[in-house]
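Shown below: protein-v7.pdb, with PDB, C-alpha atoms and all ligand atoms.
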ATOM      1  CA  MET C 889     106.419 -93.285 -37.128  1.00  0.00           C
ATOM      2  CA  LYS C 890     105.588 -89.814 -35.867  1.00  0.00           C
ATOM      3  CA  GLN C 891     103.328 -87.411 -37.702  1.00  0.00           C
ATOM      4  CA  LEU C 892     104.083 -83.743 -37.039  1.00  0.00           C
ATOM      5  CA  VAL C 893     102.569 -80.440 -38.030  1.00  0.00           C
ATOM      6  CA  VAL C 894     105.396 -77.955 -38.494  1.00  0.00           C
ATOM      7  CA  THR C 895     105.081 -74.258 -39.336  1.00  0.00           C
ATOM      8  CA  ALA C 896     107.747 -72.375 -41.264  1.00  0.00           C
ATOM      9  CA  ALA C 897     108.177 -68.631 -41.783  1.00  0.00           C
ATOM     10  CA  VAL C 898     109.243 -67.213 -45.124  1.00  0.00           C
ATOM     11  CA  ILE C 899     110.263 -63.846 -43.695  1.00  0.00           C
ATOM     12  CA  GLU C 900     110.755 -61.130 -46.287  1.00  0.00           C
ATOM     13  CA  ARG C 901     112.562 -57.867 -45.775  1.00  0.00           C
ATOM     14  CA  GLU C 902     113.615 -55.515 -48.566  1.00  0.00           C
ATOM     15  CA  GLY C 903     113.510 -58.324 -51.133  1.00  0.00           C
ATOM     16  CA  MET C 904     115.594 -60.713 -49.019  1.00  0.00           C
ATOM     17  CA  ILE C 905     114.456 -63.945 -47.349  1.00  0.00           C
ATOM     18  CA  LEU C 906     115.653 -65.173 -43.956  1.00  0.00           C
ATOM     19  CA  LEU C 907     117.183 -68.651 -43.867  1.00  0.00           C
ATOM     20  CA  ALA C 908     118.185 -70.380 -40.632  1.00  0.00           C
ATOM     21  CA  GLN C 909     120.613 -73.238 -40.162  1.00  0.00           C
ATOM     22  CA  ARG C 910     119.562 -76.036 -37.826  1.00  0.00           C
ATOM     23  CA  LYS C 911     121.750 -76.867 -34.856  1.00  0.00           C
ATOM     24  CA  PRO C 912     124.034 -79.880 -35.444  1.00  0.00           C
ATOM     25  CA  ASP C 913     122.500 -82.122 -32.773  1.00  0.00           C
ATOM     26  CA  THR C 914     118.924 -81.987 -34.141  1.00  0.00           C
ATOM     27  CA  HIS C 915     116.984 -83.862 -36.830  1.00  0.00           C
ATOM     28  CA  MET C 916     118.243 -82.494 -40.187  1.00  0.00           C
ATOM     29  CA  GLY C 917     121.182 -80.978 -38.286  1.00  0.00           C
ATOM     30  CA  LEU C 918     123.070 -78.236 -40.168  1.00  0.00           C
ATOM     31  CA  LYS C 919     120.505 -78.158 -42.980  1.00  0.00           C
ATOM     32  CA  TRP C 920     119.110 -74.748 -43.872  1.00  0.00           C
ATOM     33  CA  GLU C 921     115.403 -74.137 -43.373  1.00  0.00           C
ATOM     34  CA  PHE C 922     112.728 -71.536 -43.009  1.00  0.00           C
ATOM     35  CA  PRO C 923     112.648 -70.933 -39.248  1.00  0.00           C
ATOM     36  CA  GLY C 924     109.698 -72.277 -37.294  1.00  0.00           C
ATOM     37  CA  GLY C 925     108.853 -75.481 -35.491  1.00  0.00           C
ATOM     38  CA  LYS C 926     106.354 -78.000 -34.266  1.00  0.00           C
ATOM     39  CA  LEU C 927     102.880 -76.928 -33.393  1.00  0.00           C
ATOM     40  CA  GLU C 928     101.868 -77.531 -29.802  1.00  0.00           C
ATOM     41  CA  TRP C 929      98.684 -79.398 -29.008  1.00  0.00           C
ATOM     42  CA  GLY C 930      95.641 -77.197 -29.716  1.00  0.00           C
ATOM     43  CA  GLU C 931      97.743 -74.242 -30.855  1.00  0.00           C
ATOM     44  CA  ASP C 932      96.676 -71.920 -33.665  1.00  0.00           C
ATOM     45  CA  PRO C 933      99.277 -72.311 -36.472  1.00  0.00           C
ATOM     46  CA  ARG C 934      99.921 -68.584 -36.945  1.00  0.00           C
ATOM     47  CA  ALA C 935     100.275 -68.026 -33.203  1.00  0.00           C
ATOM     48  CA  GLY C 936     102.549 -71.082 -32.960  1.00  0.00           C
ATOM     49  CA  LEU C 937     104.764 -69.753 -35.726  1.00  0.00           C
ATOM     50  CA  ALA C 938     105.080 -66.310 -34.124  1.00  0.00           C
ATOM     51  CA  ARG C 939     105.957 -68.062 -30.817  1.00  0.00           C
ATOM     52  CA  GLU C 940     108.667 -70.196 -32.454  1.00  0.00           C
ATOM     53  CA  ILE C 941     110.223 -67.191 -34.200  1.00  0.00           C
ATOM     54  CA  SER C 942     110.304 -65.269 -30.957  1.00  0.00           C
ATOM     55  CA  GLU C 943     111.851 -68.248 -29.110  1.00  0.00           C
ATOM     56  CA  GLU C 944     114.442 -69.072 -31.788  1.00  0.00           C
ATOM     57  CA  LEU C 945     115.378 -65.639 -33.099  1.00  0.00           C
ATOM     58  CA  GLY C 946     114.017 -63.080 -30.639  1.00  0.00           C
ATOM     59  CA  ILE C 947     112.167 -61.123 -33.332  1.00  0.00           C
ATOM     60  CA  GLY C 948     108.544 -60.193 -33.954  1.00  0.00           C
ATOM     61  CA  ILE C 949     106.893 -61.089 -37.248  1.00  0.00           C
ATOM     62  CA  GLU C 950     103.519 -60.652 -38.873  1.00  0.00           C
ATOM     63  CA  VAL C 951     102.298 -63.979 -40.239  1.00  0.00           C
ATOM     64  CA  GLY C 952     100.486 -63.618 -43.564  1.00  0.00           C
ATOM     65  CA  GLU C 953      99.076 -66.053 -46.100  1.00  0.00           C
ATOM     66  CA  VAL C 954     100.021 -69.671 -46.654  1.00  0.00           C
ATOM     67  CA  LEU C 955     102.633 -69.857 -49.396  1.00  0.00           C
ATOM     68  CA  GLU C 956     102.758 -73.647 -49.663  1.00  0.00           C
ATOM     69  CA  VAL C 957     101.710 -76.771 -47.770  1.00  0.00           C
ATOM     70  CA  VAL C 958     104.105 -79.696 -48.037  1.00  0.00           C
ATOM     71  CA  SER C 959     103.696 -83.316 -47.013  1.00  0.00           C
ATOM     72  CA  HIS C 960     107.093 -84.953 -46.648  1.00  0.00           C
ATOM     73  CA  THR C 961     108.101 -88.327 -45.272  1.00  0.00           C
ATOM     74  CA  TYR C 962     111.554 -88.688 -43.739  1.00  0.00           C
ATOM     75  CA  GLU C 963     112.867 -92.092 -42.543  1.00  0.00           C
ATOM     76  CA  ASP C 964     111.316 -91.789 -39.091  1.00  0.00           C
ATOM     77  CA  ARG C 965     108.616 -89.124 -39.412  1.00  0.00           C
ATOM     78  CA  HIS C 966     105.910 -87.699 -41.602  1.00  0.00           C
ATOM     79  CA  ILE C 967     105.848 -83.919 -41.609  1.00  0.00           C
ATOM     80  CA  VAL C 968     103.052 -81.644 -42.740  1.00  0.00           C
ATOM     81  CA  LEU C 969     104.832 -78.357 -43.273  1.00  0.00           C
ATOM     82  CA  LEU C 970     102.845 -75.120 -43.439  1.00  0.00           C
ATOM     83  CA  GLY C 971     104.911 -72.397 -45.098  1.00  0.00           C
ATOM     84  CA  TYR C 972     103.628 -68.873 -44.422  1.00  0.00           C
ATOM     85  CA  ARG C 973     104.645 -65.586 -45.993  1.00  0.00           C
ATOM     86  CA  CYS C 974     105.753 -63.352 -43.138  1.00  0.00           C
ATOM     87  CA  ARG C 975     106.917 -59.813 -42.624  1.00  0.00           C
ATOM     88  CA  PHE C 976     109.695 -58.767 -40.279  1.00  0.00           C
ATOM     89  CA  VAL C 977     108.188 -56.389 -37.712  1.00  0.00           C
ATOM     90  CA  SER C 978     110.508 -55.800 -34.762  1.00  0.00           C
ATOM     91  CA  GLY C 979     113.627 -56.684 -32.831  1.00  0.00           C
ATOM     92  CA  GLU C 980     117.184 -57.678 -33.618  1.00  0.00           C
ATOM     93  CA  ILE C 981     117.968 -61.229 -34.620  1.00  0.00           C
ATOM     94  CA  GLN C 982     119.540 -63.286 -31.847  1.00  0.00           C
ATOM     95  CA  MET C 983     120.684 -66.835 -32.498  1.00  0.00           C
ATOM     96  CA  LEU C 984     118.799 -68.325 -29.545  1.00  0.00           C
ATOM     97  CA  ASP C 985     118.093 -71.751 -31.022  1.00  0.00           C
ATOM     98  CA  VAL C 986     119.695 -71.801 -34.471  1.00  0.00           C
ATOM     99  CA  GLN C 987     123.230 -72.415 -35.682  1.00  0.00           C
ATOM    100  CA  ASP C 988     123.346 -69.523 -38.141  1.00  0.00           C
ATOM    101  CA  VAL C 989     121.120 -67.172 -40.118  1.00  0.00           C
ATOM    102  CA  ARG C 990     121.418 -65.486 -43.518  1.00  0.00           C
ATOM    103  CA  TRP C 991     119.363 -62.987 -45.465  1.00  0.00           C
ATOM    104  CA  VAL C 992     119.434 -64.264 -49.030  1.00  0.00           C
ATOM    105  CA  ARG C 993     117.993 -63.222 -52.378  1.00  0.00           C
ATOM    106  CA  PRO C 994     115.352 -65.648 -53.699  1.00  0.00           C
ATOM    107  CA  ALA C 995     117.650 -66.607 -56.596  1.00  0.00           C
ATOM    108  CA  GLU C 996     120.351 -67.689 -54.086  1.00  0.00           C
ATOM    109  CA  LEU C 997     118.099 -70.124 -52.212  1.00  0.00           C
ATOM    110  CA  LYS C 998     118.980 -73.024 -54.504  1.00  0.00           C
ATOM    111  CA  SER C 999     122.639 -72.800 -53.570  1.00  0.00           C
ATOM    112  CA  TYR C1000     121.894 -73.626 -49.903  1.00  0.00           C
ATOM    113  CA  ASP C1001     121.616 -77.168 -48.535  1.00  0.00           C
ATOM    114  CA  VAL C1002     117.948 -76.781 -47.624  1.00  0.00           C
ATOM    115  CA  ALA C1003     115.944 -79.516 -45.812  1.00  0.00           C
ATOM    116  CA  PRO C1004     114.182 -81.682 -48.444  1.00  0.00           C
ATOM    117  CA  ALA C1005     110.683 -80.866 -47.134  1.00  0.00           C
ATOM    118  CA  ASP C1006     111.351 -77.200 -47.977  1.00  0.00           C
ATOM    119  CA  TRP C1007     112.073 -77.654 -51.691  1.00  0.00           C
ATOM    120  CA  PRO C1008     108.443 -77.086 -52.790  1.00  0.00           C
ATOM    121  CA  ILE C1009     108.377 -73.877 -50.734  1.00  0.00           C
ATOM    122  CA  VAL C1010     111.557 -72.680 -52.450  1.00  0.00           C
ATOM    123  CA  ASP C1011     110.050 -73.529 -55.863  1.00  0.00           C
ATOM    124  CA  ARG C1012     106.865 -71.622 -55.064  1.00  0.00           C
ATOM    125  CA  LEU C1013     108.852 -68.607 -53.931  1.00  0.00           C
ATOM    126  CA  LEU C1014     111.011 -68.649 -57.071  1.00  0.00           C
ATOM    127  CA  ALA C1015     107.908 -68.905 -59.271  1.00  0.00           C
ATOM    128  CA  LEU C1016     106.484 -65.816 -57.549  1.00  0.00           C
ATOM    129  CA  ASN C1017     109.700 -63.909 -58.148  1.00  0.00           C
ATOM    130  CA  GLU C1018     110.048 -64.801 -61.848  1.00  0.00           C
TER     131      GLU C1018
HETATM  132  N1  LIG Q1101     111.212 -75.389 -38.398  1.00  0.00           N
HETATM  133  C1  LIG Q1101     111.348 -76.072 -39.516  1.00  0.00           C
HETATM  134  N2  LIG Q1101     111.418 -77.419 -39.457  1.00  0.00           N
HETATM  135  C2  LIG Q1101     111.554 -78.078 -40.619  1.00  0.00           C
HETATM  136  C3  LIG Q1101     111.621 -77.405 -41.860  1.00  0.00           C
HETATM  137  N3  LIG Q1101     111.776 -78.339 -42.835  1.00  0.00           N
HETATM  138  C4  LIG Q1101     111.818 -79.546 -42.238  1.00  0.00           C
HETATM  139  O1  LIG Q1101     111.949 -80.629 -42.789  1.00  0.00           O
HETATM  140  N4  LIG Q1101     111.666 -79.393 -40.869  1.00  0.00           N
HETATM  141  C5  LIG Q1101     111.617 -80.497 -39.931  1.00  0.00           C
HETATM  142  C6  LIG Q1101     112.811 -80.653 -39.033  1.00  0.00           C
HETATM  143  C7  LIG Q1101     112.198 -81.258 -37.782  1.00  0.00           C
HETATM  144  O2  LIG Q1101     112.061 -82.658 -37.983  1.00  0.00           O
HETATM  145  C8  LIG Q1101     110.818 -80.638 -37.732  1.00  0.00           C
HETATM  146  C9  LIG Q1101     110.716 -79.375 -36.899  1.00  0.00           C
HETATM  147  O3  LIG Q1101     111.194 -79.591 -35.634  1.00  0.00           O
HETATM  148  P1  LIG Q1101     111.909 -78.481 -34.742  1.00  0.00           P
HETATM  149  O4  LIG Q1101     112.927 -79.194 -33.932  1.00  0.00           O
HETATM  150  O5  LIG Q1101     112.352 -77.328 -35.570  1.00  0.00           O
HETATM  151  O6  LIG Q1101     110.697 -77.996 -33.900  1.00  0.00           O
HETATM  152  P2  LIG Q1101     110.694 -77.431 -32.442  1.00  0.00           P
HETATM  153  O7  LIG Q1101     111.711 -76.310 -32.357  1.00  0.00           O
HETATM  154  O8  LIG Q1101     109.263 -77.134 -32.142  1.00  0.00           O
HETATM  155  O9  LIG Q1101     111.163 -78.726 -31.648  1.00  0.00           O
HETATM  156  P3  LIG Q1101     112.006 -79.013 -30.337  1.00  0.00           P
HETATM  157  O10 LIG Q1101     113.422 -78.559 -30.669  1.00  0.00           O
HETATM  158  O11 LIG Q1101     111.335 -78.234 -29.257  1.00  0.00           O
HETATM  159  O12 LIG Q1101     111.884 -80.509 -30.221  1.00  0.00           O
HETATM  160  O13 LIG Q1101     110.498 -80.317 -39.077  1.00  0.00           O
HETATM  161  C10 LIG Q1101     111.544 -75.992 -41.892  1.00  0.00           C
HETATM  162  O14 LIG Q1101     111.604 -75.320 -42.947  1.00  0.00           O
HETATM  163  N5  LIG Q1101     111.397 -75.370 -40.704  1.00  0.00           N
END
Represent the structure from my file as structure tokens, please.
Amino acid sequence: MKQLVVTAAVIEREGMILLAQRKPDTHMGLKWEFPGGKLEWGEDPRAGLAREISEELGIGIEVGEVLEVVSHTYEDRHIVLLGYRCRFVSGEIQMLDVQDVRWVRPAELKSYDVAPADWPIVDRLLALNE
């Protein structure tokens, strides 16, 4: 079984949060997630997250504080997911490596089919917005 460190960006803009849908042919295909990806060997997590967001969406973000750290075991992999609060800084979203994107209000997050590892991040975000 693989063990992966994955970073995820909770990008906020004018009270909305950016959700991305995974491509169909990937692990957790078509699930919604906070965009991000696997950390490369030796890479700083914040730098890795900014790289992934640039590669997947073509935008610049500022990576802030950790919102939540999740340990989740899927059938074939154990993921340590680092969820960071992020701010949209520059660029126009391009769907370079995602199926779809949506800006959603925090209260709407629960109505999306979000990857199971992300549920604690959603809960943390909702608690902050109560
Ligand atoms: N990016 C991201 N991945 C997540 C989240 N929740 C979750 O379970 N995952 C899982 C799905 C994948 O198994 C793994 C991330 O892999 P990935 O395929 O997005 O990473 P990557 O872009 O670096 O990988 P690759 O396509 O280059 O192989 O973490 C999330 O909120 N964001």
Next item on the list: Find the residue from C:Lys926, C:Gly952, C:Glu921, C:Gln987 that sits nearest to Ile905 of chain C; use all atoms listed in the file when measuring.
Entry: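 Result for the nearest residue to Ile905 of chain C: C:Glu921.
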Item checked: Nearby residues, ligand LIG 1101 (chain Q), 7 Å, only C-alpha atoms and all ligand atoms, as a PyMOL selection string -> chain C and resi 894-896+914-916+921-927+940+967+969+1003-1006
Next item on the list: Find the residues around Glu900 of chain C up to 12 Å (all atoms listed in the file counted), leave out those fewer than 3 positions away in its own chain, and share them as a list in words.
Entry: Ala897, Gly903, Met904, Ile905, Leu906, Leu907, Phe922, Ile949, Glu950, Val951, Gly952, Tyr972, Arg973, Cys974, Arg975, Phe976, Val977, Arg990, Trp991, Val992, Arg993, Pro994 and Leu1013 of chain C
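Atom pair atom CA of Asp913 of chain C / atom CA of Ala995 of chain C: separated by 28.8 Å.
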Margin query: What would the selection look like, as a list in words, if the PyMOL selection byres (((chain C and resi 983) around 12) and not hetatm) were run on the coordinates I just shared?
Written below: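 Checked against the file, the PyMOL selection byres (((chain C and resi 983) around 12) and not hetatm) matches Ala908, Gln909, Arg910, Lys911, Pro923, Ile941, Ser942, Glu943, Glu944, Leu945, Gly946, Ile947, Glu980, Ile981, Gln982, Leu984, Asp985, Val986, Gln987, Asp988, Val989 and Arg990 of chain C.
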Those same residues - C-alpha atoms - I'd like them written as a PDB file, in the frame of the given file.
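The resulting out-v8.pdb:
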ATOM      1  CA  ALA C 908     118.185 -70.380 -40.632  1.00  0.00           C
ATOM      2  CA  GLN C 909     120.613 -73.238 -40.162  1.00  0.00           C
ATOM      3  CA  ARG C 910     119.562 -76.036 -37.826  1.00  0.00           C
ATOM      4  CA  LYS C 911     121.750 -76.867 -34.856  1.00  0.00           C
ATOM      5  CA  PRO C 923     112.648 -70.933 -39.248  1.00  0.00           C
ATOM      6  CA  ILE C 941     110.223 -67.191 -34.200  1.00  0.00           C
ATOM      7  CA  SER C 942     110.304 -65.269 -30.957  1.00  0.00           C
ATOM      8  CA  GLU C 943     111.851 -68.248 -29.110  1.00  0.00           C
ATOM      9  CA  GLU C 944     114.442 -69.072 -31.788  1.00  0.00           C
ATOM     10  CA  LEU C 945     115.378 -65.639 -33.099  1.00  0.00           C
ATOM     11  CA  GLY C 946     114.017 -63.080 -30.639  1.00  0.00           C
ATOM     12  CA  ILE C 947     112.167 -61.123 -33.332  1.00  0.00           C
ATOM     13  CA  GLU C 980     117.184 -57.678 -33.618  1.00  0.00           C
ATOM     14  CA  ILE C 981     117.968 -61.229 -34.620  1.00  0.00           C
ATOM     15  CA  GLN C 982     119.540 -63.286 -31.847  1.00  0.00           C
ATOM     16  CA  LEU C 984     118.799 -68.325 -29.545  1.00  0.00           C
ATOM     17  CA  ASP C 985     118.093 -71.751 -31.022  1.00  0.00           C
ATOM     18  CA  VAL C 986     119.695 -71.801 -34.471  1.00  0.00           C
ATOM     19  CA  GLN C 987     123.230 -72.415 -35.682  1.00  0.00           C
ATOM     20  CA  ASP C 988     123.346 -69.523 -38.141  1.00  0.00           C
ATOM     21  CA  VAL C 989     121.120 -67.172 -40.118  1.00  0.00           C
ATOM     22  CA  ARG C 990     121.418 -65.486 -43.518  1.00  0.00           C
TER      23      ARG C 990
END
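Closest to Ile899 of chain C among C:Val957, C:Val968, C:Leu937, C:Val1002 is C:Leu937, based on only C-alpha atoms.
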Just need the box for segment 907-914 of chain C, edges along x, y and z, holding every atom the file lists for it with 3 Å tacked onto each side, so centre and edge lengths in Å to one decimal, as AutoDock Vina command-line options.
--center_x 120.6 --center_y -75.4 --center_z -38.3 --size_x 12.9 --size_y 19.5 --size_z 17.1
Next item on the list: Would you work out the distance separating atom CA of Val898 of chain C from atom CA of Ser978 of chain C, expressed in Å to one decimal?
Entry: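 Here the two named atoms are 15.5 Å from each other.
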Next item on the list: For atom CA of Tyr1000 of chain C and atom CA of Trp920 of chain C, determine how far apart the two atoms are, in Å to one decimal place.
Entry: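 Between atom CA of Tyr1000 of chain C and atom CA of Trp920 of chain C the gap is 6.7 Å.
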Next item on the list: Please write the residues picked by the PyMOL selection byres (((chain C and resi 890) around 7) and not hetatm) on this file as a list in words.
Entry: Met889, Gln891, Leu892, Asp964, Arg965 and His966 of chain C
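All polymer residues at most 9 Å from (113.2, -69.5, -55.7), using all atoms listed in the file, appear as Arg993, Pro994, Ala995, Glu996, Leu997, Lys998, Ile1009, Val1010, Asp1011, Arg1012, Leu1013, Leu1014, Ala1015, Leu1016, Asn1017 and Glu1018 of chain C.
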Next item on the list: Rank nothing, just name the residue among C:Gly971, C:Glu902, C:Ala938, C:Asp1001 nearest to Val958 of chain C, using only C-alpha atoms.
Entry: C:Gly971
